[in-house]
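*Asks:* For reference, this is protein.cif, and it has mmCIF, C-alpha atoms and all ligand atoms.
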```
data_data
#
loop_
_atom_site.label_atom_id
_atom_site.label_comp_id
_atom_site.auth_asym_id
_atom_site.auth_seq_id
_atom_site.Cartn_x
_atom_site.Cartn_y
_atom_site.Cartn_z
CA MET A 19 83.85 90.56 87.42
CA THR A 20 81.51 90.40 90.38
CA PRO A 21 79.13 93.36 90.59
CA LEU A 22 79.56 95.35 93.78
CA GLY A 23 76.09 96.87 93.87
CA ASP A 24 75.14 95.10 97.10
CA ALA A 25 78.47 95.82 98.74
CA GLN A 26 77.05 97.82 101.60
CA SER A 27 74.50 95.27 102.77
CA SER A 28 76.82 92.28 102.31
CA ALA A 29 79.62 93.93 104.27
CA THR A 30 77.22 94.84 107.06
CA ARG A 31 76.44 91.13 107.42
CA ASP A 32 80.12 90.29 107.77
CA SER A 33 81.24 93.29 109.77
CA GLY A 34 83.78 92.38 112.43
CA SER A 35 83.70 88.63 111.85
CA MET A 36 85.59 88.03 108.66
CA ASN A 37 88.28 85.73 109.94
CA LYS A 38 88.21 83.40 106.97
CA THR A 39 91.84 83.26 105.95
CA ASP A 40 92.76 79.82 104.77
CA PRO A 41 95.82 78.80 106.83
CA HIS A 42 96.89 76.65 103.88
CA ALA A 43 96.73 79.53 101.39
CA LYS A 44 100.03 80.25 99.68
CA PRO A 45 102.22 83.06 100.98
CA ILE A 46 101.96 85.96 98.56
CA LEU A 47 104.39 88.31 100.34
CA ALA A 48 107.18 87.17 102.62
CA VAL A 49 109.10 89.88 104.46
CA SER A 50 112.33 88.86 106.11
CA HIS A 51 114.54 91.00 108.39
CA VAL A 52 113.72 94.24 106.60
CA ASN A 53 115.43 97.45 107.73
CA LYS A 54 114.89 100.94 106.34
CA THR A 55 116.76 104.07 107.40
CA TYR A 56 116.23 107.67 106.34
CA GLY A 57 118.91 110.38 106.40
CA GLN A 58 122.53 110.18 107.48
CA GLY A 59 124.78 111.02 110.43
CA ALA A 60 122.97 112.93 113.17
CA ASN A 61 119.80 112.90 111.01
CA ARG A 62 119.84 109.13 110.59
CA PHE A 63 116.46 107.65 111.47
CA GLU A 64 115.60 103.96 111.61
CA ALA A 65 112.06 103.82 110.22
CA LEU A 66 111.84 99.99 110.02
CA LYS A 67 113.78 97.68 112.31
CA ASP A 68 114.16 93.99 111.51
CA ILE A 69 110.62 93.45 110.25
CA SER A 70 109.61 89.88 109.35
CA PHE A 71 106.17 88.46 108.51
CA THR A 72 104.28 86.62 105.82
CA ILE A 73 100.99 87.53 104.16
CA ARG A 74 98.91 84.76 102.63
CA GLU A 75 96.91 85.03 99.44
CA GLY A 76 93.39 86.28 100.16
CA GLU A 77 94.14 87.74 103.61
CA SER A 78 92.95 91.17 104.66
CA VAL A 79 95.64 92.79 106.80
CA ALA A 80 95.50 96.08 108.69
CA ILE A 81 98.78 97.83 109.47
CA VAL A 82 98.11 100.14 112.40
CA GLY A 83 100.18 102.39 114.64
CA LYS A 84 100.65 105.98 115.73
CA SER A 85 101.67 108.74 113.37
CA GLY A 86 105.35 108.33 112.51
CA SER A 87 105.50 104.67 113.57
CA GLY A 88 106.52 103.49 110.09
CA LYS A 89 103.24 102.28 108.53
CA SER A 90 103.59 104.11 105.21
CA THR A 91 107.27 103.24 105.00
CA LEU A 92 106.36 99.56 105.45
CA MET A 93 103.61 99.77 102.84
CA HIS A 94 105.92 101.44 100.32
CA VAL A 95 108.48 98.70 100.84
CA LEU A 96 105.85 95.94 100.55
CA ALA A 97 104.46 97.51 97.38
CA LEU A 98 107.97 97.70 95.87
CA LEU A 99 107.71 101.49 95.65
CA ASP A 100 110.80 101.75 97.81
CA ALA A 101 113.65 99.30 98.47
CA PRO A 102 114.68 98.25 101.98
CA ASP A 103 118.28 98.91 103.07
CA SER A 104 118.59 95.28 104.06
CA GLY A 105 116.41 92.19 104.29
CA THR A 106 114.28 90.58 101.59
CA ILE A 107 110.76 90.80 100.22
CA GLU A 108 109.54 87.78 98.30
CA LEU A 109 106.54 88.12 96.03
CA GLU A 110 105.10 84.66 95.36
CA GLY A 111 108.45 83.12 96.17
CA VAL A 112 110.46 85.49 93.95
CA ASP A 113 113.08 87.63 95.68
CA THR A 114 112.08 91.12 94.55
CA GLN A 115 115.69 92.30 94.64
CA SER A 116 116.01 90.47 91.33
CA LEU A 117 113.38 92.80 89.81
CA LYS A 118 114.79 96.04 88.42
CA GLY A 119 113.74 98.84 86.08
CA ALA A 120 111.04 97.96 83.54
CA LYS A 121 110.58 94.47 84.98
CA LEU A 122 109.94 95.90 88.45
CA ASN A 123 107.45 98.45 87.04
CA ARG A 124 105.67 95.73 85.08
CA THR A 125 105.41 93.46 88.12
CA ARG A 126 104.08 96.30 90.27
CA ASN A 127 101.59 97.41 87.63
CA LYS A 128 100.37 93.87 86.96
CA THR A 129 100.18 92.59 90.53
CA PHE A 130 99.17 95.58 92.67
CA GLY A 131 96.33 98.04 92.83
CA PHE A 132 96.70 101.24 94.86
CA VAL A 133 94.01 103.13 96.76
CA PHE A 134 95.39 106.20 98.51
CA GLN A 135 93.69 108.82 100.63
CA GLN A 136 94.72 111.60 98.25
CA PHE A 137 93.11 109.88 95.20
CA PHE A 138 95.91 110.84 92.73
CA LEU A 139 93.46 111.32 89.87
CA THR A 140 94.25 113.69 86.99
CA GLY A 141 91.41 116.17 87.36
CA ASN A 142 91.20 117.48 83.80
CA GLU A 143 91.13 114.00 82.25
CA SER A 144 88.02 111.86 81.95
CA VAL A 145 87.15 109.32 84.60
CA LEU A 146 87.62 106.54 82.04
CA ASP A 147 91.07 107.80 81.01
CA ASN A 148 92.12 107.87 84.65
CA VAL A 149 90.84 104.34 85.21
CA ILE A 150 92.58 102.83 82.18
CA LEU A 151 95.99 104.32 82.97
CA PRO A 152 97.43 101.02 84.34
CA LEU A 153 96.32 99.29 81.11
CA LYS A 154 97.99 101.98 79.00
CA ILE A 155 101.20 101.47 80.98
CA ALA A 156 100.86 97.70 80.43
CA GLY A 157 100.56 98.26 76.66
CA VAL A 158 96.98 96.98 76.34
CA GLY A 159 95.33 97.98 73.04
CA ARG A 160 92.83 100.85 72.80
CA SER A 161 89.57 98.89 72.40
CA SER A 162 90.46 96.36 75.09
CA ARG A 163 91.44 99.24 77.40
CA ARG A 164 88.06 100.85 76.90
CA GLU A 165 86.17 97.61 77.39
CA ARG A 166 88.01 96.71 80.58
CA GLY A 167 87.83 100.29 81.89
CA MET A 168 84.08 100.40 81.36
CA ALA A 169 83.69 96.98 83.03
CA ALA A 170 85.59 98.24 86.09
CA LEU A 171 83.50 101.42 86.18
CA GLU A 172 80.30 99.36 85.91
CA GLN A 173 81.50 97.25 88.81
CA LEU A 174 81.82 100.43 90.88
CA GLU A 175 78.53 101.82 89.52
CA LEU A 176 80.33 104.76 87.95
CA ASP A 177 79.88 103.93 84.26
CA SER A 178 77.50 106.86 83.81
CA LYS A 179 80.39 109.20 84.80
CA ALA A 180 82.96 107.67 82.42
CA LYS A 181 83.16 110.76 80.20
CA ASN A 182 83.06 113.32 83.03
CA LYS A 183 86.24 115.03 84.12
CA ALA A 184 87.62 113.41 87.27
CA SER A 185 87.58 116.83 88.99
CA ALA A 186 83.78 116.87 88.68
CA LEU A 187 83.30 113.81 90.89
CA SER A 188 82.31 113.88 94.56
CA GLY A 189 84.79 112.57 97.14
CA GLY A 190 83.13 109.16 97.33
CA GLN A 191 82.91 108.93 93.53
CA LYS A 192 86.61 109.84 93.28
CA GLN A 193 87.53 107.05 95.66
CA ARG A 194 85.32 104.63 93.67
CA ALA A 195 87.13 105.74 90.48
CA VAL A 196 90.43 105.09 92.27
CA ILE A 197 89.21 101.59 93.19
CA ALA A 198 88.12 101.01 89.57
CA ARG A 199 91.64 102.03 88.47
CA ALA A 200 93.14 99.72 91.12
CA LEU A 201 91.00 96.85 89.81
CA VAL A 202 91.32 97.31 86.08
CA ASN A 203 94.44 95.18 85.83
CA ASN A 204 92.95 92.34 87.92
CA PRO A 205 95.48 92.83 90.72
CA ARG A 206 96.37 90.12 93.22
CA ILE A 207 96.93 92.64 96.01
CA ILE A 208 95.29 95.98 96.78
CA PHE A 209 97.30 98.40 98.94
CA ALA A 210 95.07 100.96 100.59
CA ASP A 211 96.65 103.84 102.57
CA GLU A 212 93.96 105.50 104.72
CA PRO A 213 91.40 104.77 101.99
CA THR A 214 88.59 106.50 103.83
CA GLY A 215 90.65 109.32 105.39
CA ASN A 216 89.20 112.03 103.15
CA LEU A 217 85.61 110.81 103.18
CA ASP A 218 82.66 111.42 105.47
CA SER A 219 81.76 108.38 107.54
CA ALA A 220 78.81 107.21 105.40
CA THR A 221 80.79 107.45 102.15
CA GLY A 222 83.81 105.92 103.87
CA ALA A 223 81.66 102.95 104.93
CA VAL A 224 80.59 102.34 101.33
CA VAL A 225 84.23 102.45 100.14
CA GLU A 226 85.27 100.04 102.93
CA ASP A 227 82.45 97.69 101.99
CA ILE A 228 83.60 97.67 98.36
CA LEU A 229 87.18 96.82 99.40
CA PHE A 230 86.06 93.97 101.64
CA THR A 231 83.70 92.62 98.99
CA LEU A 232 86.64 92.51 96.54
CA ASN A 233 88.70 90.70 99.15
CA ARG A 234 86.00 88.19 99.98
CA GLU A 235 84.50 87.53 96.57
CA ASN A 236 87.44 88.04 94.21
CA GLY A 237 90.10 86.73 96.59
CA ILE A 238 92.17 89.90 96.26
CA THR A 239 94.63 90.24 99.13
CA LEU A 240 93.94 93.51 100.95
CA ILE A 241 96.64 95.41 102.82
CA VAL A 242 95.32 98.53 104.57
CA VAL A 243 97.29 101.19 106.42
CA THR A 244 94.99 102.98 108.82
CA HIS A 245 94.54 104.90 112.05
CA ASP A 246 90.95 103.73 112.13
CA GLU A 247 90.59 100.85 114.62
CA GLU A 248 87.07 100.03 113.36
CA LEU A 249 88.42 99.53 109.85
CA ALA A 250 91.31 97.47 111.28
CA ALA A 251 88.84 95.31 113.20
CA ARG A 252 87.14 94.33 109.95
CA CYS A 253 90.39 92.84 108.62
CA ASP A 254 91.38 89.21 109.21
CA ARG A 255 94.59 90.36 110.78
CA ARG A 256 95.99 93.42 112.58
CA ILE A 257 99.69 94.23 112.67
CA LEU A 258 100.65 96.96 115.13
CA ILE A 259 103.81 98.96 114.42
CA ARG A 260 105.57 101.03 117.07
CA ASP A 261 108.82 102.92 116.41
CA GLY A 262 109.50 100.84 113.30
CA GLU A 263 108.94 97.46 114.95
CA ILE A 264 106.06 94.99 114.91
CA VAL A 265 104.84 94.88 118.49
CA GLU A 266 101.63 92.92 117.89
CA ASP A 267 100.44 90.64 115.12
CA SER A 268 97.05 89.01 115.64
CA ALA A 269 97.98 86.10 113.35
CA VAL A 270 101.01 85.32 115.51
CA ALA A 271 98.94 85.72 118.67
CA ALA A 272 96.30 83.32 117.26
CA GLN A 273 98.97 80.65 116.80
CA GLY A 274 99.78 80.91 120.50
CA VAL A 275 103.20 82.44 119.94
CA ALA A 276 104.07 85.47 122.04
CA ALA A 277 103.55 88.57 119.90
N1 LIG B 1 111.82 110.78 103.30
C1 LIG B 1 112.02 110.78 104.61
N2 LIG B 1 113.13 111.33 105.15
C2 LIG B 1 113.37 111.32 106.48
N3 LIG B 1 112.53 110.76 107.38
C3 LIG B 1 111.41 110.21 106.91
C4 LIG B 1 111.09 110.18 105.52
N4 LIG B 1 109.90 109.54 105.34
C5 LIG B 1 109.49 109.18 106.59
N5 LIG B 1 110.40 109.58 107.52
C6 LIG B 1 110.31 109.34 108.96
O1 LIG B 1 110.13 107.95 109.18
C7 LIG B 1 109.17 107.73 110.23
C8 LIG B 1 108.07 106.83 109.70
O2 LIG B 1 107.31 107.54 108.73
P1 LIG B 1 106.00 106.92 108.08
O3 LIG B 1 105.50 107.91 107.06
O4 LIG B 1 106.28 105.55 107.65
O5 LIG B 1 105.02 106.89 109.34
P2 LIG B 1 103.46 106.57 109.41
O6 LIG B 1 103.31 105.59 110.54
O7 LIG B 1 102.96 106.18 108.10
O8 LIG B 1 102.89 107.98 109.85
P3 LIG B 1 101.48 108.67 109.50
O9 LIG B 1 100.46 107.84 110.17
O10 LIG B 1 101.62 110.02 110.14
O11 LIG B 1 101.35 108.73 108.03
C9 LIG B 1 108.69 109.11 110.68
O12 LIG B 1 109.38 109.45 111.87
C10 LIG B 1 109.08 110.02 109.55
O13 LIG B 1 109.38 111.31 110.03
#
```
Write out the structure in this file as C-alpha cells.
Ligand SMILES: Nc1ncnc2c1ncn2[C@@H]1O[C@H](COP(=O)(O)OP(=O)(O)OP(=O)(O)O)[C@@H](O)[C@H]1O
*Replies:*
Amino acid sequence: MTPLGDAQSSATRDSGSMNKTDPHAKPILAVSHVNKTYGQGANRFEALKDISFTIREGESVAIVGKSGSGKSTLMHVLALLDAPDSGTIELEGVDTQSLKGAKLNRTRNKTFGFVFQQFFLTGNESVLDNVILPLKIAGVGRSSRRERGMAALEQLELDSKAKNKASALSGGQKQRAVIARALVNNPRIIFADEPTGNLDSATGAVVEDILFTLNRENGITLIVVTHDEELAARCDRRILIRDGEIVEDSAVAAQGVAA
C-alpha cells in the first residue's frame, strides 16, 4: 500500500485542479432510470426521479445539493445499501438486481469502503478490531486479518493506537480509523458521506487529503456526498441534485451536452 504520510502536502499541490479522469476508463457504476419513493398514499414522497449517469473507474465524484434533495438516498442506492423502486444499477457491467442476500453482502463488503460523518466505530473495542471488521465478515483468517489491519493503520499513521479503545481517539483519529477500515479490504470504490462534517477545518483538510491521495495514487473511485463546495471543487466531477433530480453534471457539461 502507498504510505499516506505526505498526504497533506501532496493534496495542497493538486488542490482544485485534479481533472485527470481517463475518458477511456471503464464504467464502474452505471445508473439507469432509477426511481426511489418513500411512504405511501398522501405521505408518498419521490426522493429520486429518473436518475441516470455513469461513473468511471478512478473518478472522484461529488454529489451536492440542498438538505433533503436526495443525496444520501442516491448514495445508499449506489452503494447497494438500499434498492431502487425501478431502474437499474450496474456494477462493472453486472446488473445488481441479480445480487441478493449473502452474495449482495459479499459484493458490498469486497468492493466498497464507507466513510461516514458519524464514524460508526464500536467505542469499547480496540482500534484494530474496528478496522479489521470487514475482513472478519469476509472470513479472512486471524493472522492475515491482523497483518492487513496493521498495514492499513500504518498507512493512516495510526498503528501506535491499534490497541487503544476506539472511544479514546480524537475526532480526526476516529475518521482516520474509519478510512483504515474502509481500505482494509482493498475496495474499488470509497463512499464518503460528509466525511469532514464532524471535524474542525484543519483536521477535515487532512482527512480530505488522505481521501484524494487514495483516489489519485491507488486509483480508488471516490464518491463523496457533501454540502461543502470547496470539497466538491476538489473532485473531478460535481453532480448537483435538486428535488430528486440531477440538474447539473459537470462531466455532461464538459462534453458540450446541455446539463
Ligand atoms: N425513510 C424515509 N422515509 C420517508 N422519507 C424519507 C426517508 N428518508 C429520506 N426521506 C426523504 O427523502 C428526501 C431525501 O432525503 P435524503 O436523506 O436523501 O436527502 P439529503 O439530500 O441527503 O439531505 P441532507 O443533506 O439533509 O442529509 C427528504 O425529503 C427526506 O425527508
*Asks:* Within 8 Å of stretch 41-49 of chain A, counting all atoms listed in the file, which residues show up once you throw out same-chain ones fewer than 2 positions away? Write them as a ChimeraX atom specification, please.
*Replies:* /A:39,51-52,69-76,96,105-111
*Asks:* Which is closest to A:Val196 among A:Ala156, A:Leu174, A:Asn142, A:Gly222, if we use all atoms listed in the file?
*Replies:*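 Looking only at the distances to A:Val196, the closest residue turns out to be A:Leu174.
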*Asks:* Output as a tab-separated table one row per residue of chain A within 7 Å of ligand LIG 1 (chain B): the closest atom pair and its distance in Å to one decimal place, counting only C-alpha atoms and all ligand atoms, sorted by chain and residue number ascending.
*Replies:*
```
residue	atom	partner	partner_atom	distance
A:Tyr56	CA	B:LIG1	C2	4.6
A:Gly57	CA	B:LIG1	C2	5.6
A:Phe63	CA	B:LIG1	N3	6.5
A:Ala65	CA	B:LIG1	O1	4.7
A:Gly83	CA	B:LIG1	O6	6.1
A:Lys84	CA	B:LIG1	O6	5.8
A:Ser85	CA	B:LIG1	O10	3.5
A:Gly86	CA	B:LIG1	O5	3.5
A:Ser87	CA	B:LIG1	O6	3.9
A:Gly88	CA	B:LIG1	O4	3.2
A:Lys89	CA	B:LIG1	O6	3.9
A:Ser90	CA	B:LIG1	O7	3.6
A:Thr91	CA	B:LIG1	O4	3.7
A:Leu92	CA	B:LIG1	O4	6.4
A:His245	CA	B:LIG1	O9	6.9
```
*Asks:* Take the point (87.5, 85.6, 98.3) as written in the file and pick out every residue within 10 Å of it, counting only C-alpha atoms; give the list as a list in words.
*Replies:*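 Those residues, ordered by chain and then number, are Lys38, Thr39, Glu75, Gly76, Glu77, Phe230, Thr231, Leu232, Asn233, Arg234, Glu235, Asn236, Gly237, Ile238 and Thr239 of chain A.
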*Asks:* Mind listing as JSON, numbers by chain all residues within 8 Å of (107.1, 98.7, 115.0), counting all atoms listed in the file?
*Replies:* {"A": [66, 67, 69, 83, 87, 88, 258, 259, 260, 261, 262, 263, 264, 265]}
*Asks:* To one decimal in Å, tell me the separation between atom CA of A:Asp103 and atom CA of A:Leu122.
*Replies:*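 Going from atom CA of A:Asp103 over to atom CA of A:Leu122 covers 17.1 Å.
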*Asks:* Tell me, in Å to one decimal, how far atom CA of A:Ala170 is from atom CA of A:Thr114.
*Replies:*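 These atoms are spaced 28.7 Å apart.
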*Asks:* In Å, rounded to a single decimal, give me how far atom CA of A:Ser178 is from atom CA of A:Ile155.
*Replies:* 24.5 Å
*Asks:* Hey, which of A:Asn53, A:Arg255, A:Arg124, A:Ala195 ends up closest to A:Gly157? Count only C-alpha atoms.
*Replies:*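 Using only C-alpha atoms, the shortest distance to A:Gly157 belongs to A:Arg124.
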*Asks:* Quick one: residues within 7 Å of A:Val242, all atoms listed in the file counted, chain neighbours fewer than 3 positions away excluded, as number ranges by chain?
*Replies:* A: 79-81, 209-211
